[in-house]
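Structure data follow from model-v5.cif (mmCIF, C-alpha atoms (C1' of nucleotides)):
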data_coords
#
loop_
_atom_site.label_atom_id
_atom_site.label_comp_id
_atom_site.auth_asym_id
_atom_site.auth_seq_id
_atom_site.Cartn_x
_atom_site.Cartn_y
_atom_site.Cartn_z
CA MET A 3 0.00 0.00 0.00
CA THR A 4 1.19 3.48 -0.73
CA THR A 5 -0.25 4.79 2.51
CA ASP A 6 1.74 2.19 4.42
CA THR A 7 4.94 3.08 2.59
CA LYS A 8 4.45 6.73 3.37
CA ALA A 9 3.70 6.10 7.02
CA ARG A 10 6.74 3.85 7.18
CA GLU A 11 8.92 6.56 5.77
CA ARG A 12 7.51 9.16 8.16
CA VAL A 13 8.26 6.89 11.11
CA LEU A 14 11.79 6.17 9.92
CA GLU A 15 12.49 9.83 9.32
CA ALA A 16 11.20 10.84 12.75
CA ALA A 17 13.01 7.99 14.46
CA ASP A 18 16.27 8.82 12.76
CA ARG A 19 16.01 12.43 13.78
CA LEU A 20 14.95 11.80 17.37
CA PHE A 21 17.27 8.88 18.08
CA TYR A 22 20.21 10.84 16.71
CA ALA A 23 19.36 13.99 18.60
CA LYS A 24 18.50 12.49 21.99
CA SER A 25 19.88 8.93 21.90
CA ALA A 26 17.58 5.96 21.47
CA HIS A 27 16.75 5.17 25.08
CA ALA A 28 15.69 8.76 25.69
CA VAL A 29 12.98 8.60 23.01
CA GLY A 30 9.74 6.86 23.93
CA MET A 31 7.56 5.07 21.44
CA ASP A 32 4.76 7.49 22.24
CA GLU A 33 6.90 10.52 21.49
CA LEU A 34 7.91 8.87 18.25
CA ARG A 35 4.31 8.10 17.43
CA ALA A 36 3.37 11.74 17.92
CA GLU A 37 6.29 13.02 15.87
CA ALA A 38 5.56 10.68 12.98
CA GLY A 39 1.82 11.33 13.13
CA VAL A 40 0.75 7.70 13.25
CA SER A 41 -1.12 5.63 15.79
CA LEU A 42 0.63 3.22 18.11
CA LYS A 43 -1.25 0.40 16.42
CA LYS A 44 0.11 1.34 13.02
CA LEU A 45 3.57 1.86 14.43
CA TYR A 46 3.63 -1.68 15.78
CA SER A 47 2.09 -3.08 12.62
CA LEU A 48 4.90 -1.54 10.57
CA PHE A 49 7.83 -2.50 12.82
CA ASP A 50 8.60 -5.40 15.14
CA GLY A 51 9.19 -3.23 18.18
CA LYS A 52 11.75 -0.63 19.11
CA ASP A 53 14.86 -2.75 18.66
CA ALA A 54 14.01 -3.59 15.07
CA LEU A 55 13.24 0.06 14.41
CA VAL A 56 16.62 1.14 15.73
CA GLU A 57 18.39 -1.31 13.45
CA GLU A 58 16.43 -0.24 10.41
CA VAL A 59 17.08 3.42 11.17
CA LEU A 60 20.80 2.74 11.28
CA ARG A 61 20.79 0.79 8.02
CA ARG A 62 18.82 3.56 6.37
CA ARG A 63 21.18 6.22 7.69
CA GLU A 64 24.19 4.32 6.42
CA GLU A 65 22.80 4.54 2.90
CA ALA A 66 21.87 8.20 3.26
CA ILE A 67 25.28 9.22 4.57
CA THR A 68 27.07 7.27 1.87
CA ALA A 69 24.99 8.98 -0.80
CA ALA A 70 25.47 12.43 0.72
CA THR A 71 29.22 11.99 0.98
CA MET A 72 29.47 10.66 -2.55
CA LYS A 73 27.93 13.88 -3.81
CA TYR A 74 30.91 15.75 -2.41
CA VAL A 75 33.38 13.20 -3.70
CA LEU A 76 32.08 13.12 -7.25
CA ARG A 77 32.06 16.89 -7.45
CA ALA A 78 35.85 16.92 -7.04
CA SER A 79 38.03 16.61 -10.11
CA THR A 80 41.32 14.97 -9.11
CA PRO A 81 41.62 11.74 -7.10
CA GLU A 82 43.41 13.64 -4.34
CA GLU A 83 40.64 16.21 -4.11
CA GLN A 84 38.11 13.39 -4.01
CA VAL A 85 39.75 12.01 -0.90
CA LEU A 86 39.79 15.40 0.74
CA ALA A 87 36.17 16.05 -0.18
CA VAL A 88 34.93 13.79 2.60
CA PHE A 89 36.11 16.42 5.07
CA ASP A 90 34.18 19.09 3.22
CA TRP A 91 31.07 17.01 3.74
CA MET A 92 31.87 16.77 7.43
CA ALA A 93 32.58 20.47 7.83
CA ASP A 94 29.29 21.33 6.14
CA SER A 95 27.32 18.78 8.14
CA SER A 96 28.75 19.92 11.44
CA GLY A 97 27.59 23.41 10.66
CA THR A 98 24.03 22.44 11.51
CA THR A 99 23.33 22.99 15.19
CA ASP A 100 21.91 19.50 15.63
CA PHE A 101 25.08 17.75 14.60
CA ARG A 102 25.83 15.02 17.10
CA GLY A 103 28.76 13.20 15.52
CA CYS A 104 28.69 9.69 14.16
CA ALA A 105 25.34 8.01 14.76
CA PHE A 106 26.99 4.60 14.60
CA ILE A 107 29.61 5.35 17.21
CA ASN A 108 26.86 6.84 19.36
CA SER A 109 24.66 3.78 18.96
CA TYR A 110 27.56 1.48 19.66
CA ALA A 111 28.27 3.38 22.86
CA GLU A 112 24.68 3.24 24.00
CA LEU A 113 23.43 -0.10 22.70
CA GLY A 114 26.45 -2.10 21.62
CA PRO A 115 26.91 -3.94 24.92
CA SER A 116 23.30 -5.10 24.98
CA SER A 117 22.62 -5.68 21.30
CA GLU A 118 24.73 -7.87 19.09
CA ARG A 119 22.67 -6.76 16.11
CA VAL A 120 23.38 -3.08 16.63
CA THR A 121 27.06 -3.94 16.97
CA ALA A 122 26.91 -5.78 13.66
CA VAL A 123 25.33 -2.81 11.88
CA VAL A 124 27.94 -0.47 13.34
CA ARG A 125 30.80 -2.74 12.27
CA HIS A 126 29.29 -2.93 8.81
CA GLN A 127 29.16 0.84 8.49
CA LYS A 128 32.70 1.30 9.77
CA SER A 129 34.15 -1.26 7.39
CA GLY A 130 32.15 0.37 4.60
CA VAL A 131 33.56 3.83 5.30
CA ARG A 132 37.03 2.40 5.68
CA GLY A 133 36.66 0.56 2.39
CA ALA A 134 35.34 3.62 0.58
CA ILE A 135 38.23 5.76 1.77
CA ALA A 136 40.67 2.98 0.89
CA ALA A 137 39.30 2.88 -2.65
CA LEU A 138 39.61 6.64 -3.05
CA VAL A 139 43.15 6.61 -1.69
CA ALA A 140 44.10 3.65 -3.86
CA ALA A 141 42.96 5.64 -6.89
CA THR A 142 45.60 8.23 -6.03
CA GLY A 143 48.29 5.56 -6.02
CA ARG A 144 49.18 6.02 -2.32
CA PRO A 145 49.90 3.04 -0.06
CA GLU A 146 47.17 1.57 2.09
CA TRP A 147 48.53 2.86 5.39
CA VAL A 148 47.68 6.35 4.16
CA ALA A 149 44.07 5.24 3.81
CA ASP A 150 44.13 3.83 7.34
CA ALA A 151 45.43 7.14 8.65
CA ILE A 152 42.86 9.22 6.79
CA PHE A 153 40.07 6.96 8.00
CA LEU A 154 41.17 7.42 11.60
CA LEU A 155 41.46 11.18 11.13
CA PHE A 156 37.94 11.10 9.76
CA GLU A 157 36.64 9.16 12.74
CA GLY A 158 38.39 11.32 15.30
CA ALA A 159 37.13 14.46 13.64
CA MET A 160 33.53 13.17 13.59
CA THR A 161 33.36 12.78 17.35
CA ASN A 162 35.27 15.94 18.13
CA THR A 163 33.33 18.23 15.83
CA ALA A 164 30.29 17.15 17.80
CA ILE A 165 31.83 17.54 21.24
CA THR A 166 33.42 20.91 20.51
CA VAL A 167 30.45 22.10 18.43
CA SER A 168 32.80 23.41 15.77
CA SER A 169 33.93 22.43 12.31
CA GLU A 170 37.56 23.00 13.30
CA PRO A 171 38.39 19.33 13.82
CA ALA A 172 37.07 18.57 10.33
CA ARG A 173 39.40 21.19 8.88
CA GLN A 174 42.33 20.05 10.99
CA ALA A 175 41.81 16.49 9.80
CA GLN A 176 41.64 17.70 6.22
CA THR A 177 44.89 19.60 6.63
CA ALA A 178 46.61 16.50 7.97
CA ALA A 179 45.18 14.33 5.20
CA ARG A 180 46.39 16.78 2.58
CA PHE A 181 49.85 16.67 4.12
CA LEU A 182 49.85 12.87 4.05
CA LEU A 183 48.88 12.85 0.39
CA GLU A 184 51.51 15.43 -0.51
CA LYS A 185 54.36 13.72 1.30
CA THR A 186 53.54 10.30 -0.15
CA ALA A 187 53.21 11.54 -3.72
CA MET B 7 35.35 7.86 58.59
CA THR B 8 37.67 5.30 57.04
CA THR B 9 34.82 2.86 56.53
CA ASP B 10 32.95 5.48 54.54
CA THR B 11 35.98 6.25 52.41
CA LYS B 12 36.46 2.59 51.63
CA ALA B 13 32.80 2.05 50.80
CA ARG B 14 32.90 5.14 48.62
CA GLU B 15 35.87 3.81 46.73
CA ARG B 16 34.26 0.40 46.28
CA VAL B 17 31.15 2.04 44.84
CA LEU B 18 33.16 4.23 42.50
CA GLU B 19 35.26 1.32 41.31
CA ALA B 20 32.21 -0.85 40.66
CA ALA B 21 30.32 1.98 38.99
CA ASP B 22 33.24 2.78 36.74
CA ARG B 23 33.58 -0.81 35.67
CA LEU B 24 29.87 -1.44 35.12
CA PHE B 25 29.02 1.89 33.48
CA TYR B 26 31.94 1.49 31.11
CA ALA B 27 31.14 -2.10 30.26
CA LYS B 28 27.37 -1.84 29.85
CA SER B 29 26.64 1.89 29.52
CA ALA B 30 25.13 3.85 32.38
CA HIS B 31 21.44 3.42 31.67
CA ALA B 32 21.85 -0.34 31.50
CA VAL B 33 23.15 -0.56 35.06
CA GLY B 34 20.60 -0.37 37.85
CA MET B 35 21.32 1.03 41.27
CA ASP B 36 20.53 -2.36 42.77
CA GLU B 37 23.03 -4.14 40.56
CA LEU B 38 25.58 -1.52 41.50
CA ARG B 39 24.76 -1.94 45.19
CA ALA B 40 25.32 -5.69 44.90
CA GLU B 41 28.59 -5.32 43.01
CA ALA B 42 29.96 -2.79 45.48
CA GLY B 43 28.78 -4.76 48.49
CA VAL B 44 26.97 -1.90 50.18
CA SER B 45 23.38 -1.29 51.15
CA LEU B 46 21.11 0.98 49.15
CA LYS B 47 20.88 3.23 52.16
CA LYS B 48 24.64 3.66 52.31
CA LEU B 49 24.81 4.12 48.57
CA TYR B 50 22.40 7.03 48.74
CA SER B 51 24.09 8.46 51.81
CA LEU B 52 27.39 8.56 49.93
CA PHE B 53 26.12 9.97 46.63
CA ASP B 54 23.35 12.32 45.59
CA GLY B 55 21.71 9.89 43.23
CA LYS B 56 22.75 8.24 39.99
CA ASP B 57 23.47 11.38 38.00
CA ALA B 58 25.97 12.65 40.52
CA LEU B 59 27.58 9.23 40.64
CA VAL B 60 28.02 9.17 36.87
CA GLU B 61 29.73 12.55 36.94
CA GLU B 62 32.06 11.57 39.74
CA VAL B 63 32.96 8.34 37.99
CA LEU B 64 33.91 10.27 34.87
CA ARG B 65 36.02 12.77 36.79
CA ARG B 66 37.77 9.94 38.60
CA ARG B 67 38.40 8.08 35.33
CA GLU B 68 39.88 11.17 33.75
CA GLU B 69 42.51 11.30 36.47
CA ALA B 70 43.19 7.56 36.27
CA ILE B 71 43.63 7.58 32.49
CA THR B 72 45.89 10.61 32.60
CA ALA B 73 48.09 8.92 35.19
CA ALA B 74 48.19 5.62 33.30
CA THR B 75 49.11 7.32 30.04
CA MET B 76 51.78 9.42 31.70
CA LYS B 77 53.50 6.25 32.84
CA TYR B 78 54.00 5.30 29.22
CA VAL B 79 55.06 8.78 28.24
CA LEU B 80 57.65 9.21 30.97
CA ARG B 81 59.17 5.84 30.19
CA ALA B 82 60.16 7.08 26.72
CA SER B 83 63.45 8.85 26.27
CA THR B 84 63.15 11.28 23.36
CA PRO B 85 60.35 13.84 22.93
CA GLU B 86 59.27 12.12 19.72
CA GLU B 87 59.01 8.76 21.44
CA GLN B 88 57.04 10.37 24.22
CA VAL B 89 54.43 11.50 21.74
CA LEU B 90 54.24 8.05 20.19
CA ALA B 91 54.01 6.38 23.60
CA VAL B 92 50.34 7.35 23.97
CA PHE B 93 49.55 4.82 21.24
CA ASP B 94 51.45 2.14 23.13
CA TRP B 95 49.18 2.79 26.07
CA MET B 96 46.17 2.44 23.78
CA ALA B 97 47.41 -0.74 22.15
CA ASP B 98 48.04 -2.31 25.55
CA SER B 99 44.70 -1.17 26.95
CA SER B 100 42.76 -2.46 23.98
CA GLY B 101 44.29 -5.86 24.56
CA THR B 102 41.93 -6.44 27.46
CA THR B 103 38.71 -8.01 26.29
CA ASP B 104 36.58 -5.48 28.13
CA PHE B 105 37.98 -2.51 26.25
CA ARG B 106 35.08 -0.38 25.10
CA GLY B 107 36.83 2.69 23.71
CA CYS B 108 36.70 6.16 25.18
CA ALA B 109 34.40 6.33 28.19
CA PHE B 110 33.89 10.05 27.61
CA ILE B 111 32.81 9.71 24.01
CA ASN B 112 30.53 6.88 25.08
CA SER B 113 29.02 8.93 27.87
CA TYR B 114 28.59 11.90 25.59
CA ALA B 115 26.74 9.70 23.10
CA GLU B 116 24.46 8.27 25.75
CA LEU B 117 23.94 11.13 28.18
CA GLY B 118 25.20 14.29 26.49
CA PRO B 119 21.85 15.34 25.06
CA SER B 120 20.12 15.08 28.43
CA SER B 121 22.87 16.21 30.79
CA GLU B 122 24.71 19.46 30.46
CA ARG B 123 26.98 18.41 33.31
CA VAL B 124 28.10 15.22 31.61
CA THR B 125 28.78 17.24 28.48
CA ALA B 126 30.93 19.61 30.51
CA VAL B 127 32.99 16.77 31.98
CA VAL B 128 33.48 15.26 28.52
CA ARG B 129 34.60 18.59 27.06
CA HIS B 130 36.99 19.01 29.95
CA GLN B 131 38.58 15.63 29.33
CA LYS B 132 38.88 16.19 25.59
CA SER B 133 40.51 19.57 25.99
CA GLY B 134 42.81 18.02 28.57
CA VAL B 135 43.95 15.25 26.24
CA ARG B 136 44.32 17.70 23.41
CA GLY B 137 46.38 20.00 25.63
CA ALA B 138 48.58 17.17 26.85
CA ILE B 139 49.34 15.99 23.31
CA ALA B 140 49.95 19.59 22.24
CA ALA B 141 52.50 20.00 25.02
CA LEU B 142 54.31 16.80 24.06
CA VAL B 143 54.37 17.78 20.40
CA ALA B 144 55.50 21.31 21.22
CA ALA B 145 58.45 19.79 23.09
CA THR B 146 59.55 18.19 19.82
CA GLY B 147 59.50 21.56 18.11
CA ARG B 148 56.79 20.63 15.60
CA PRO B 149 54.02 23.07 14.65
CA GLU B 150 50.68 22.93 16.39
CA TRP B 151 48.76 21.49 13.47
CA VAL B 152 50.78 18.30 13.93
CA ALA B 153 49.43 18.08 17.47
CA ASP B 154 45.88 18.58 16.17
CA ALA B 155 46.38 15.74 13.71
CA ILE B 156 47.85 13.37 16.27
CA PHE B 157 45.02 14.12 18.69
CA LEU B 158 42.45 13.28 16.02
CA LEU B 159 44.31 10.09 15.10
CA PHE B 160 44.24 9.21 18.79
CA GLU B 161 40.51 9.80 19.04
CA GLY B 162 39.68 7.89 15.89
CA ALA B 163 41.81 4.98 17.00
CA MET B 164 40.12 4.88 20.43
CA THR B 165 36.66 4.30 18.99
CA ASN B 166 37.81 1.94 16.28
CA THR B 167 39.95 -0.29 18.44
CA ALA B 168 36.79 -0.86 20.46
CA ILE B 169 34.49 -1.44 17.49
CA THR B 170 36.88 -3.76 15.67
CA VAL B 171 38.08 -5.43 18.89
CA SER B 172 41.67 -5.15 17.74
CA SER B 173 44.71 -3.07 18.51
CA GLU B 174 45.32 -2.51 14.81
CA PRO B 175 43.83 1.00 14.72
CA ALA B 176 46.13 2.01 17.57
CA ARG B 177 49.13 0.82 15.60
CA GLN B 178 47.92 2.42 12.39
CA ALA B 179 47.49 5.72 14.19
CA GLN B 180 50.96 5.39 15.64
CA THR B 181 52.42 4.74 12.20
CA ALA B 182 50.74 7.85 10.84
CA ALA B 183 51.87 9.93 13.81
CA ARG B 184 55.44 8.75 13.35
CA PHE B 185 55.28 9.75 9.71
CA LEU B 186 53.97 13.20 10.59
CA LEU B 187 56.80 13.71 13.07
CA GLU B 188 59.42 12.53 10.60
CA LYS B 189 58.24 14.69 7.73
CA THR B 190 57.97 17.82 9.84
CA ALA B 191 61.41 17.39 11.41
"C1'" DT C 13 21.37 -5.30 81.75
"C1'" DA C 14 18.61 -1.88 79.51
"C1'" DA C 15 18.18 1.83 76.14
"C1'" DG C 16 19.19 4.15 72.17
"C1'" DG C 17 21.14 4.77 67.98
"C1'" DT C 18 23.10 2.95 63.67
"C1'" DA C 19 23.15 0.33 59.59
"C1'" DG C 20 21.71 -3.46 56.62
"C1'" DA C 21 18.10 -6.05 54.06
"C1'" DG C 22 14.75 -5.55 51.24
"C1'" DA C 23 9.83 -4.11 50.69
"C1'" DA C 24 7.39 -0.27 48.89
"C1'" DC C 25 6.41 3.59 45.99
"C1'" DG C 26 5.86 6.38 42.00
"C1'" DA C 27 7.16 7.22 37.51
"C1'" DG C 28 8.19 5.89 32.86
"C1'" DC C 29 8.78 2.57 29.54
"C1'" DG C 30 7.45 -0.89 25.59
"C1'" DT C 31 3.68 -3.26 24.23
"C1'" DT C 32 -1.10 -4.78 23.85
"C1'" DC C 33 -5.99 -4.24 24.23
"C1'" DT C 34 -10.50 -1.94 24.19
"C1'" DC C 35 -13.64 0.94 22.39
"C1'" DC C 36 -15.66 3.52 18.94
"C1'" DA C 37 -16.18 6.12 14.64
"C1'" DC C 38 -16.30 5.75 9.87
"C1'" DG C 39 -16.54 4.03 5.19
"C1'" DG C 40 -17.54 0.38 1.71
"C1'" DC C 41 -20.79 -2.86 0.12
"C1'" DA C 42 -24.88 -5.96 -0.33
"C1'" DT D 30 -30.27 0.97 5.43
"C1'" DG D 31 -27.76 -2.40 7.97
"C1'" DC D 32 -23.48 -4.93 8.54
"C1'" DC D 33 -18.70 -5.66 8.74
"C1'" DG D 34 -14.01 -4.63 8.81
"C1'" DT D 35 -10.44 -1.30 9.22
"C1'" DG D 36 -7.93 1.95 11.81
"C1'" DG D 37 -7.31 5.63 15.24
"C1'" DA D 38 -7.23 7.28 20.14
"C1'" DG D 39 -5.70 6.28 24.18
"C1'" DA D 40 -6.44 3.36 28.35
"C1'" DA D 41 -4.38 -0.57 30.40
"C1'" DC D 42 -0.78 -3.89 31.58
"C1'" DG D 43 3.42 -5.59 33.15
"C1'" DC D 44 7.89 -4.55 33.95
"C1'" DT D 45 12.00 -1.98 35.38
"C1'" DC D 46 14.07 1.65 37.47
"C1'" DG D 47 15.54 5.35 40.89
"C1'" DT D 48 14.54 6.49 45.31
"C1'" DT D 49 12.64 6.17 49.96
"C1'" DC D 50 10.76 3.81 53.91
"C1'" DT D 51 10.17 0.11 57.32
"C1'" DC D 52 11.67 -3.24 60.20
"C1'" DT D 53 14.93 -5.58 62.67
"C1'" DA D 54 19.42 -6.94 64.51
"C1'" DC D 55 23.37 -5.45 66.65
"C1'" DC D 56 26.67 -2.50 68.96
"C1'" DT D 57 27.69 0.96 72.22
"C1'" DT D 58 27.35 3.00 76.57
"C1'" DA D 59 25.62 4.22 81.17
#
Mind converting the file's structure to C-alpha cells?
Amino acid sequence: MTTDTKARERVLEAADRLFYAKSAHAVGMDELRAEAGVSLKKLYSLFDGKDALVEEVLRRREEAITAATMKYVLRASTPEEQVLAVFDWMADSSGTTDFRGCAFINSYAELGPSSERVTAVVRHQKSGVRGAIAALVAATGRPEWVADAIFLLFEGAMTNTAITVSSEPARQAQTAARFLLEKTA
Amino acid sequence: MTTDTKARERVLEAADRLFYAKSAHAVGMDELRAEAGVSLKKLYSLFDGKDALVEEVLRRREEAITAATMKYVLRASTPEEQVLAVFDWMADSSGTTDFRGCAFINSYAELGPSSERVTAVVRHQKSGVRGAIAALVAATGRPEWVADAIFLLFEGAMTNTAITVSSEPARQAQTAARFLLEKTA
DNA sequence: TAAGGTAGAGAACGAGCGTTCTCCACGGCA
DNA sequence: TGCCGTGGAGAACGCTCGTTCTCTACCTTA
C-alpha cells in the first residue's frame, strides 16, 4: 500500500532524527508516534518493536550518509581532491546545530553492549567507510597505510566536531590528510 | 570515617567498571549496590543519586587515564618517542577483552543530550587530552597542526579499536603519527 | 542489663517505559 | 439501510528503574 509506505517513511524519518538527537533510550515510542503522526497500532504493525526500528534506522542512515558523501566526492576533479572532499562534507554537516557526531559510534556506545545486532550494523558501516576511503586513496596511487590514517582522522574528527560544536576538527583532519597525500606523492 | 571512604571507593570502582562495560542506563542502582557490596541506604548516603555518581565516575576516570598514560610517556626517552608512547598505552589497553573505547565519548553519546553536566565533563577531558598531546608535540619543536592531527588520530583509533576489537587501529594511528613527526622534522 | 542509635536487608512507591488491548467512529458494500 | 471490517485514540498492563521507607538486629554506653 502506498499509505503504508508513506507512514513507514515518516516513522523512519522521525526515528532517525529523534534517536540521533537524543539517543535511542531517551525517546519513547509514544513521542515517536506523535512526531511521525501515526497511531501506536500502526507503528507496531509496521515495525517489530523498538529494537528492530533502531536497526532499520541505522541501516537507512548508512545509505543516506554514503549517498550524501558521494555527492561531495564526485564533485571533485582529481583523485586527491576526491579524498579530501569527505572532510568538506563533514565540515558542512557539522555546521548544523543539531550535529551530534557519528550516529553509529553513538549507537555502539549506548546499545552495543546489549545488542549484538546493533554492533553488527555499526561494524558494517565502519568497514564500509574504511573501504570507501581505501578505494579513493588507492585511486591516487598512495599506499594503504595512508588510507588507514585518513580513515582514523575522519573518525576522530567526527566525534570531536560534535563535542566541541565546531567544524575546526574537520578542517584540521583535512589539513593533515592533505599533508599525508603530498608527502607520499 | 575510614569505613565510609572505603565504601565510597568500592562504589566508584564498581560503577566505573559497570558503566563502562554496559553503559550507564543499562546498570541499575541495585546491581551496582550488589557489586559494590553496600546497602542501598549507604549508597544514597554517599552519593546524591545516579546522575551525581556518573559525573564523579567520569572525573575519577579522567585522572586515572591521565596517570596511566603518563606512565607510558615518561618511560620514553626522546620527545618524539614520548608522543608516540600514547599509542602504546592504547594498544596495551585495547588488549583487554573489556575494552570499550573512550568512556567520555561513550558517555557523551548516551547522556550528552540530556545532561549538560556530563557534556561539561566530557569537554573538559577532551581539551585536557588535546592539551597534553599539544604539550608533548611542542616539546619536539613541531608546529601545532601536527598536534591537532595526532590528537584526532588518537581519538579515531580509540573508537575503532573498540568497534573492531583489535589493537590494529592504535598501531595504524601510531604509524601515521610517526610519519607526521618525521616529515615535519 | 537496659536503652538508644546505627546500619543493613529488602519491601514499597511512584514514575516511565514498551507493548497490547479496548472501544468507537467511519466508510464500503450488499 | 444495515453490517462488517479497518484503523485511530488512548487506556491498560506488566515490567523496570531510581529512590525512599520500614523493620529488625546489633553494637555501644551508662
Written as a list of chain:residue names, which residues does the PyMOL selection byres ((chain D and resi 46) around 8) give for the file shown? B:Gly34, D:DT45, D:DG47
Go through A:Ser25, A:Val131, A:Thr7, A:Leu42 and flag the residue nearest chain C, using all atoms listed in the file for the distances. A:Leu42
Neighbours of chain C in chain A at 10 Å, counting only C-alpha atoms (C1' of nucleotides), as number ranges by chain: A: 27, 29-32, 42-43, 46, 51-52
With C-alpha atoms retained, export the selected residues as an mmCIF file, keeping the file's coordinate frame.
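result16.cif, written as the output of this step:
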data_model
loop_
_atom_site.group_PDB
_atom_site.id
_atom_site.type_symbol
_atom_site.label_atom_id
_atom_site.label_comp_id
_atom_site.auth_asym_id
_atom_site.auth_seq_id
_atom_site.Cartn_x
_atom_site.Cartn_y
_atom_site.Cartn_z
ATOM 1 C CA HIS A 27 16.750 5.170 25.080
ATOM 2 C CA VAL A 29 12.980 8.600 23.010
ATOM 3 C CA GLY A 30 9.740 6.860 23.930
ATOM 4 C CA MET A 31 7.560 5.070 21.440
ATOM 5 C CA ASP A 32 4.760 7.490 22.240
ATOM 6 C CA LEU A 42 0.630 3.220 18.110
ATOM 7 C CA LYS A 43 -1.250 0.400 16.420
ATOM 8 C CA TYR A 46 3.630 -1.680 15.780
ATOM 9 C CA GLY A 51 9.190 -3.230 18.180
ATOM 10 C CA LYS A 52 11.750 -0.630 19.110
#
On this structure, which residues satisfy the PyMOL selection byres ((chain B) within 9 of (chain A)), written as a PyMOL selection string? chain B and resi 27-32+106-107+109+111-120+125+128-129+132+151-152+154-166+169-170+175+178-179+181-183+185-186+189
Counting only C-alpha atoms (C1' of nucleotides), collect the residues of chain D whose closest atom lies at most 12 Å from chain A, and write them out as a list in words.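 Result: DT35, DG36, DG37, DA38 and DG39 of chain D.
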Do you know which residues lie at most 12 Å from (33.4, 6.5, 50.3), with coordinates as in the file and only C-alpha atoms (C1' of nucleotides) counted, and could you write them as a list of chain:residue names? B:Met7, B:Thr8, B:Thr9, B:Asp10, B:Thr11, B:Lys12, B:Ala13, B:Arg14, B:Glu15, B:Arg16, B:Val17, B:Leu18, B:Glu19, B:Ala42, B:Val44, B:Lys48, B:Leu49, B:Tyr50, B:Ser51, B:Leu52, B:Phe53, B:Leu59, B:Glu62
Taking (31.1, 21.3, 7.2) as a centre in this file's frame and 10 Å as the limit, can you find every polymer residue with an atom that close, using only C-alpha atoms (C1' of nucleotides), and give them as an mmCIF file with C-alpha atoms, keeping the file's coordinate frame?
data_model
loop_
_atom_site.group_PDB
_atom_site.id
_atom_site.type_symbol
_atom_site.label_atom_id
_atom_site.label_comp_id
_atom_site.auth_asym_id
_atom_site.auth_seq_id
_atom_site.Cartn_x
_atom_site.Cartn_y
_atom_site.Cartn_z
ATOM 1 C CA VAL A 88 34.930 13.790 2.600
ATOM 2 C CA PHE A 89 36.110 16.420 5.070
ATOM 3 C CA ASP A 90 34.180 19.090 3.220
ATOM 4 C CA TRP A 91 31.070 17.010 3.740
ATOM 5 C CA MET A 92 31.870 16.770 7.430
ATOM 6 C CA ALA A 93 32.580 20.470 7.830
ATOM 7 C CA ASP A 94 29.290 21.330 6.140
ATOM 8 C CA SER A 95 27.320 18.780 8.140
ATOM 9 C CA SER A 96 28.750 19.920 11.440
ATOM 10 C CA GLY A 97 27.590 23.410 10.660
ATOM 11 C CA THR A 98 24.030 22.440 11.510
ATOM 12 C CA THR A 163 33.330 18.230 15.830
ATOM 13 C CA SER A 168 32.800 23.410 15.770
ATOM 14 C CA SER A 169 33.930 22.430 12.310
ATOM 15 C CA GLU A 170 37.560 23.000 13.300
ATOM 16 C CA ALA A 172 37.070 18.570 10.330
ATOM 17 C CA ARG A 173 39.400 21.190 8.880
#
Interatomic distance, atom C1' of D:DT49 to atom CA of B:Ser121 (Å, one decimal):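 Answer for the atom C1' of D:DT49 to atom CA of B:Ser121 separation: 23.9 Å.
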